[in-house]
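Okay, structure first, notes after.
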Amino acid sequence: MATKLPLATLIELAQNKTDEATRRLGQLQAACTSAAEKLEMLQRYRQEYLDQLQMRMVVGVSAAQMRNFNHFISTLDSAIEQQRAITAQADTRLATGRGDWQSSQRRLNSFDTLAGRVRLQELAVQHKREQRDSDERSARQFFHLRAGLQGH
């Protein structure tokens, strides 16, 4: 019984840590997905803007419009690079979070395995005790029966 309480406490703590790691992993996955979607949106917007310029160039574009276009594309390129960095950081955090979750899951599984072994040992001890009690009852019945037969 003494090993049961500390082991149950360890399992509960490991379960709480695994639950927290699972929650955190979900948040990291959502952040990673969001960052990737924003990057994709910026890249799509840049391509759409380039396509629009291509169509306008057919009819002619002034030098001022071309400067504005180049400035805007430069700003978009900068935003895309920043978003790539954010996406890379989100990917790294997700990989770390996945490793943390796997580690806490392995720890919980180890404690569960240990608890299973303890339960099996307790069942074996209980079975031995029951078997011994049954053997003692059978022996007493045998001796009482034998003593009763010898008395007659």
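We name chains A, B, ... following the order of the structure tokens; residues begin at 1 in each chain, and ligands are numbered from 1 as shown.
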What are the nearest atom pairs, with distances in Å to one decimal, for all residues of segment 64-134 of chain A that come at most 9 Å from segment 23-42 of chain A, using only C-alpha atoms, set out by chain and rising residue number as a Markdown table?
```
| residue | atom | partner | partner_atom | distance |
| --- | --- | --- | --- | --- |
| A:Leu76 | CA | A:Leu42 | CA | 7.3 |
| A:Asp77 | CA | A:Leu42 | CA | 8.8 |
| A:Ala79 | CA | A:Leu42 | CA | 7.7 |
| A:Ile80 | CA | A:Leu42 | CA | 6.2 |
| A:Glu81 | CA | A:Leu39 | CA | 8.8 |
| A:Gln83 | CA | A:Leu39 | CA | 5.6 |
| A:Arg84 | CA | A:Leu39 | CA | 6.5 |
| A:Ile86 | CA | A:Ala35 | CA | 6.7 |
| A:Thr87 | CA | A:Ala35 | CA | 5.1 |
| A:Ala88 | CA | A:Cys32 | CA | 8.6 |
| A:Gln89 | CA | A:Cys32 | CA | 8.5 |
| A:Ala90 | CA | A:Cys32 | CA | 4.9 |
| A:Asp91 | CA | A:Cys32 | CA | 6.0 |
| A:Arg93 | CA | A:Leu28 | CA | 6.8 |
| A:Leu94 | CA | A:Leu28 | CA | 5.3 |
| A:Gly97 | CA | A:Leu25 | CA | 5.5 |
| A:Arg98 | CA | A:Leu25 | CA | 6.3 |
| A:Asp100 | CA | A:Leu25 | CA | 8.7 |
| A:Trp101 | CA | A:Leu25 | CA | 7.2 |
```
Review point. Just how far from atom CA of Leu10 of chain A is atom CA of Phe111 of chain A, in Å to one decimal?
Key: 7.4 Å
